[in-house]
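One file, data-v1.txt, is given below (compact mmCIF, C-alpha atoms).
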```
# COMPACT_ATOMS: atom_id res chain seq x y z
CA ALA E 1 7.70 -0.20 11.52
CA LEU E 2 8.93 0.63 8.04
CA ARG E 3 9.59 -1.60 5.12
CA LEU E 4 12.53 -1.30 2.79
CA PHE E 5 11.47 0.71 -0.22
CA GLY E 6 13.51 1.23 -3.34
CA ILE E 7 11.42 3.95 -5.28
CA ALA E 8 9.32 4.20 -8.74
CA VAL E 9 6.78 5.07 -12.01
CA PRO E 10 4.82 5.28 -15.60
CA VAL E 11 1.19 3.91 -16.49
CA ALA E 12 -1.11 2.28 -19.01
CA ASP E 13 -4.47 3.38 -20.37
CA ALA E 14 -7.17 3.31 -17.70
CA THR E 15 -10.28 5.38 -17.09
CA SER E 16 -11.68 3.95 -13.87
CA VAL E 17 -10.51 2.36 -10.65
CA PRO E 18 -12.17 -1.07 -10.37
CA GLU E 19 -12.11 -2.97 -7.11
CA LEU E 20 -9.80 -5.95 -6.98
CA PRO E 21 -11.55 -9.26 -6.29
CA PRO E 22 -11.77 -10.18 -2.60
CA PHE E 23 -9.18 -12.95 -2.73
CA LEU E 24 -5.45 -12.73 -2.47
CA TYR E 25 -3.96 -14.31 -5.54
CA SER E 26 -6.21 -13.37 -8.38
CA PRO E 27 -4.10 -12.96 -11.54
CA LEU E 28 -1.07 -10.93 -10.59
CA ARG E 29 -1.16 -7.57 -12.31
CA VAL E 30 1.31 -5.96 -14.70
CA VAL E 31 0.68 -2.36 -15.79
CA GLU E 32 3.19 -1.26 -18.40
CA ALA E 33 4.67 2.20 -18.35
CA ALA E 34 3.95 4.40 -21.32
CA SER E 35 6.60 3.89 -24.00
CA GLY E 36 9.29 6.56 -24.08
CA ASP E 37 8.25 7.99 -20.72
CA VAL E 38 11.73 8.62 -19.34
CA THR E 39 11.88 11.96 -17.55
CA GLU E 40 15.01 11.88 -15.43
CA GLY E 41 16.11 15.27 -16.77
CA ASP E 42 12.82 17.07 -16.20
CA GLU E 43 11.77 19.26 -13.29
CA PRO E 44 11.93 17.69 -9.81
CA PHE E 45 8.77 16.43 -8.20
CA THR E 46 7.67 15.73 -4.63
CA VAL E 47 7.34 12.28 -3.06
CA ILE E 48 6.10 12.17 0.54
CA PHE E 49 6.88 9.10 2.66
CA THR E 50 4.83 8.56 5.80
CA ALA E 51 4.03 5.66 8.11
CA ASP E 52 2.28 4.57 11.30
CA SER E 53 -1.01 6.32 10.60
CA GLU E 54 -2.80 3.72 12.77
CA PRO E 55 -6.32 5.12 12.99
CA ARG E 56 -8.35 3.48 15.78
CA MET E 57 -5.13 2.70 17.69
CA ARG E 58 -2.95 4.48 20.32
CA GLY E 59 -5.59 7.17 20.59
CA ASN E 60 -5.31 8.05 16.88
CA THR E 61 -8.66 8.77 15.28
CA VAL E 62 -9.84 8.60 11.70
CA ALA E 63 -10.54 12.35 11.90
CA GLU E 64 -6.91 13.06 12.85
CA VAL E 65 -5.54 11.01 9.96
CA GLU E 66 -8.01 12.68 7.60
CA ALA E 67 -6.75 16.07 8.80
CA TYR E 68 -3.17 14.95 8.04
CA VAL E 69 -4.24 13.95 4.54
CA SER E 70 -5.94 17.34 4.11
CA ASN E 71 -2.68 18.99 5.07
CA LEU E 72 -0.85 17.07 2.35
CA ILE E 73 -3.49 18.04 -0.19
CA ALA E 74 -3.14 21.71 0.82
CA TYR E 75 0.42 21.73 -0.54
CA LYS E 76 -1.12 21.67 -4.01
CA SER E 77 -3.06 24.88 -3.42
CA SER E 78 -3.19 27.07 -0.33
CA ARG E 79 -0.05 25.91 1.49
CA VAL E 80 3.12 27.17 -0.17
CA GLU E 81 6.55 25.93 0.93
CA TYR E 82 9.80 25.23 -0.90
CA PHE E 83 12.85 23.01 -0.65
CA ASP E 84 16.34 23.49 -2.05
CA TYR E 85 17.87 20.95 -4.41
CA ALA E 86 21.23 20.28 -6.05
CA GLY E 87 22.42 23.07 -8.30
CA GLY E 88 21.19 25.86 -6.09
CA GLY E 89 17.57 25.87 -7.22
CA THR E 90 14.39 25.85 -5.20
CA TYR E 91 11.27 23.86 -5.88
CA ARG E 92 7.77 24.26 -4.51
CA ILE E 93 6.54 21.27 -2.52
CA ASP E 94 3.77 19.89 -4.70
CA PRO E 95 3.00 16.23 -3.86
CA ALA E 96 2.86 13.90 -6.86
CA LEU E 97 3.09 10.67 -4.87
CA VAL E 98 2.47 9.68 -1.23
CA ILE E 99 3.88 6.39 0.06
CA LEU E 100 2.46 4.90 3.26
CA GLY E 101 5.20 2.68 4.63
CA GLY E 102 3.18 0.54 7.00
CA ASP E 103 1.10 0.26 10.17
CA ILE E 104 -1.89 1.24 8.10
CA SER E 105 -4.49 0.79 10.82
CA LYS E 106 -5.20 -0.76 14.20
CA ASP E 107 -3.76 -4.25 14.74
CA HIS E 108 -5.21 -6.64 12.17
CA THR E 109 -8.16 -4.43 11.21
CA THR E 110 -7.07 -2.98 7.84
CA THR E 111 -9.80 -3.23 5.20
CA LEU E 112 -10.52 -1.51 1.92
CA SER E 113 -13.90 -0.28 3.13
CA ALA E 114 -12.63 1.22 6.42
CA ASP E 115 -9.23 2.57 5.42
CA MET E 116 -9.01 3.29 1.70
CA PRO E 117 -11.48 6.24 1.84
CA ILE E 118 -9.07 8.07 4.19
CA TRP E 119 -6.30 8.00 1.57
CA GLN E 120 -8.44 8.04 -1.56
CA ARG E 121 -8.92 11.77 -1.09
CA LEU E 122 -5.31 12.14 -2.28
CA GLU E 123 -6.29 10.45 -5.53
CA ASP E 124 -9.29 12.76 -5.88
CA HIS E 125 -6.73 15.61 -6.04
CA GLY E 126 -4.45 13.90 -8.55
CA ILE E 127 -1.93 12.58 -6.01
CA ALA E 128 -0.94 8.93 -6.43
CA PHE E 129 -0.95 6.80 -3.28
CA LEU E 130 0.97 3.59 -2.56
CA ALA E 131 0.82 1.42 0.57
CA GLY E 132 3.07 -1.16 2.17
CA PHE E 133 2.44 -3.01 5.41
CA GLY E 134 4.06 -3.07 8.84
CA ASN E 135 4.14 -5.32 11.89
CA HIS E 136 0.70 -4.15 13.01
CA ASP E 137 -0.79 -5.12 9.65
CA TRP E 138 0.62 -8.63 9.30
CA GLU E 139 0.50 -11.70 11.50
CA GLN E 140 3.48 -14.01 11.31
CA TYR E 141 2.64 -17.58 10.39
CA ASP E 142 3.98 -18.84 13.73
CA TRP E 143 1.91 -16.30 15.71
CA TYR E 144 -1.43 -17.14 14.19
CA ALA E 145 -4.62 -16.27 15.97
CA ILE E 146 -7.75 -17.73 14.43
CA ASN E 147 -8.26 -14.83 12.03
CA GLY E 148 -4.58 -14.13 11.30
CA ASP E 149 -4.74 -15.51 7.80
CA GLN E 150 -7.82 -13.44 7.03
CA TRP E 151 -6.21 -10.17 8.12
CA ASN E 152 -3.07 -10.86 6.13
CA ARG E 153 -5.25 -11.22 3.08
CA GLU E 154 -7.14 -8.00 3.89
CA THR E 155 -3.83 -6.16 4.21
CA THR E 156 -2.56 -7.57 0.92
CA ASN E 157 -5.76 -6.55 -0.84
CA PHE E 158 -5.36 -3.00 0.50
CA CYS E 159 -1.77 -2.73 -0.76
CA ARG E 160 -2.62 -4.24 -4.14
CA GLN E 161 -5.55 -1.86 -4.57
CA SER E 162 -3.33 1.14 -3.85
CA TYR E 163 -0.99 0.20 -6.70
CA TRP E 164 -3.85 -0.40 -9.10
CA ASN E 165 -5.39 2.96 -8.19
CA ALA E 166 -2.03 4.69 -8.74
CA SER E 167 -1.81 3.19 -12.22
CA VAL E 168 -5.05 5.04 -13.00
CA VAL E 169 -4.42 8.31 -11.15
CA ALA E 170 -0.83 8.77 -12.39
CA ALA E 171 -1.30 7.51 -15.94
CA PRO E 172 0.75 7.53 -18.07
CA HIS E 173 3.61 8.12 -15.64
CA PHE E 174 3.25 5.08 -13.40
CA GLY E 175 3.65 1.38 -14.08
CA TYR E 176 4.18 -1.64 -11.87
CA ARG E 177 4.52 -5.40 -11.66
CA GLU E 178 3.32 -7.67 -8.86
CA ILE E 179 5.50 -10.59 -7.77
CA GLY E 180 3.61 -13.19 -5.78
CA PRO E 181 4.79 -15.34 -2.86
CA SER E 182 6.47 -18.69 -3.35
CA ASP E 183 3.75 -20.57 -1.43
CA SER E 184 -0.02 -20.37 -0.99
CA ARG E 185 0.32 -17.44 1.44
CA GLY E 186 2.74 -14.59 1.86
CA PRO E 187 3.51 -10.98 0.86
CA VAL E 188 3.09 -9.65 -2.66
CA THR E 189 6.14 -7.64 -3.78
CA PHE E 190 5.83 -4.62 -6.09
CA LEU E 191 8.29 -3.34 -8.68
CA ALA E 192 7.15 0.04 -9.97
CA ALA E 193 8.35 3.12 -11.80
CA PHE E 194 7.24 6.74 -11.49
CA ARG E 195 8.57 9.52 -13.71
CA GLY E 196 11.81 7.67 -14.31
CA VAL E 197 12.34 6.73 -10.66
CA GLN E 198 12.21 3.04 -9.74
CA ILE E 199 10.33 1.95 -6.61
CA VAL E 200 10.74 -1.48 -5.05
CA ASN E 201 8.31 -2.35 -2.27
CA PHE E 202 9.37 -5.61 -0.64
CA ASN E 203 6.20 -5.33 1.43
CA SER E 204 7.52 -7.40 4.27
CA PHE E 205 7.70 -6.84 8.01
CA LEU E 206 11.14 -8.18 8.90
CA TYR E 207 11.18 -10.05 5.57
CA GLN E 208 8.16 -12.21 6.25
CA PRO E 209 8.46 -15.51 4.36
CA SER E 210 5.85 -17.15 2.20
CA TYR E 211 3.99 -19.86 4.06
CA HIS E 212 1.32 -22.53 3.86
CA TYR E 213 -0.96 -22.60 6.85
CA ASP E 214 -1.62 -26.10 8.16
CA PHE E 215 -5.40 -26.25 7.92
CA THR E 216 -5.37 -29.93 8.94
CA SER E 217 -4.26 -29.09 12.49
CA PRO E 218 -6.85 -28.32 15.20
CA ALA E 219 -5.88 -24.63 15.14
CA GLY E 220 -6.00 -24.69 11.36
CA GLN E 221 -9.50 -26.14 11.38
CA GLU E 222 -10.62 -23.31 13.67
CA CYS E 223 -8.93 -20.75 11.42
CA MET E 224 -10.52 -22.22 8.29
CA ALA E 225 -13.95 -22.22 9.93
CA ALA E 226 -13.54 -18.61 11.04
CA ASN E 227 -12.48 -17.59 7.56
CA ALA E 228 -15.48 -19.37 6.09
CA ASP E 229 -17.75 -17.44 8.44
CA VAL E 230 -16.64 -14.17 6.85
CA GLY E 231 -16.56 -15.47 3.29
CA TRP E 232 -12.86 -16.32 2.95
CA GLU E 233 -11.82 -19.52 1.27
```

Whole structure, structure tokens version:
Amino acid sequence: ALRLFGIAVPVADATSVPELPPFLYSPLRVVEAASGDVTEGDEPFTVIFTADSEPRMRGNTVAEVEAYVSNLIAYKSSRVEYFDYAGGGTYRIDPALVILGGDISKDHTTTLSADMPIWQRLEDHGIAFLAGFGNHDWEQYDWYAINGDQWNRETTNFCRQSYWNASVVAAPHFGYREIGPSDSRGPVTFLAAFRGVQIVNFNSFLYQPSYHYDFTSPAGQECMAANADVGWE
């Protein structure tokens, strides 16, 4: 299940990758691109788009996804392959950015602690990583199980953290802006830029709308209580 992506880049000064706070709508972030960083005429670079990693689901294991990530990292060193581009030239595949288009993990189980370490190895090798979500990462407001709201927030935190990390790893060539939902819940949209290429991540499974969960209903009371049990407001 893929989202509609536009594509992106440039960054601000940053020396570490702090964790975002564990709530959804902390101040929305804006990381400005470095001034004058327009590189459309420079050498081509490699962006890899992937999706449906789904560790812990359909028989996929964390070890298998980690091996896939290792394979991507190998393109920067031991694995040498090329692609042709306009004008008759060839360019070595050398990943600068990996975009995960959704279905990050098993249904409604995406968390920073369980899933970010799998992909953070890209960042350790200087490869920026961005994430969007898919239908297995997001529960529609009219489908809600008790913990649906919680998992939507976990998924949003994961995606937001990936953009913040990229602003550090790819500095000064990556910048982005977060656009929040129009209600108390809903997807966060990202407008980014990377090396002169614009990236728009609508971050929505079938264009999920913003919503306000009715916590006054019996189901809402159960949901609110369940969220409170795990520290969610």

Go ahead and compute the interatomic distance for atom CA of E:Tyr82 and atom CA of E:Val47, in Å to one decimal.
-> 13.4 Å

Can you list, as a ChimeraX atom specification, every protein, DNA or RNA residue that comes within 7 Å of E:Val30 when you count all atoms listed in the file, leaving out same-chain residues fewer than 2 positions away?
-> /E:28,32,176-178

Residue nearest E:Phe129 - candidates E:Arg160, E:Arg185, E:Arg79, E:Arg153, atoms counted: all atoms listed in the file |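 Closest to E:Phe129 of all the choices is E:Arg160.
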
Nearest to E:Lys76 among E:Ser162, E:Thr46, E:Asn157, E:Thr109, with distances taken over only C-alpha atoms: which residue is it?
->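 Among the listed residues, E:Thr46 lies closest to E:Lys76.
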
Mind pulling up the distance from atom CA of E:Met116 to atom CA of E:Asn135?
->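 Atom-to-atom, atom CA of E:Asn135 and atom CA of E:Met116 are spaced 18.7 Å apart.
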
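Note that atom CA of E:Pro95 and atom CA of E:Val168 are 16.5 Å apart.
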
Go through E:Ser182, E:Gln198, E:Gln140, E:Asn203 and flag the residue nearest E:Phe158, using all atoms listed in the file for the distances.
->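 Checking each candidate against E:Phe158, we get E:Asn203 as the closest.
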
Please determine the residues with any atom at most 10 Å from (-4.7, 15.2, 1.3) (coordinates as given in the file, with all atoms listed in the file counting) and report them as a list in words.
->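 Those within range, by chain then number, are Val65, Glu66, Ala67, Tyr68, Val69, Ser70, Asn71, Leu72, Ile73, Ala74, Tyr75, Lys76, Pro95, Val98, Ile118, Trp119, Gln120, Arg121, Leu122, Glu123, Asp124, His125, Gly126 and Ile127 of chain E.
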
Nearest residue to E:Cys159 from the set E:Pro209, E:Val200, E:Pro181, E:Leu100 (distances using all atoms listed in the file) |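 So, comparing all the options, the nearest one is E:Leu100.
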
Using all atoms listed in the file: which of E:Gln161, E:Asn60, E:Gln221, E:Ser105 has the shortest distance to E:Gly134 |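 So, comparing all the options, the nearest one is E:Ser105.
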
Closest of E:Tyr163, E:Gly88, E:Thr110, E:Asp52 to E:Ala193, counting all atoms listed in the file, is E:Tyr163

Might I get the box with edges along x, y and z of the file that holds all atoms of stretch 97-111 of chain E listed there, padded by 4 Å on every side, given as centre and edge lengths in Å to one decimal, as JSON?
```
{"center_x": -2.3, "center_y": 2.0, "center_z": 4.9, "size_x": 23.0, "size_y": 25.3, "size_z": 27.6}
```
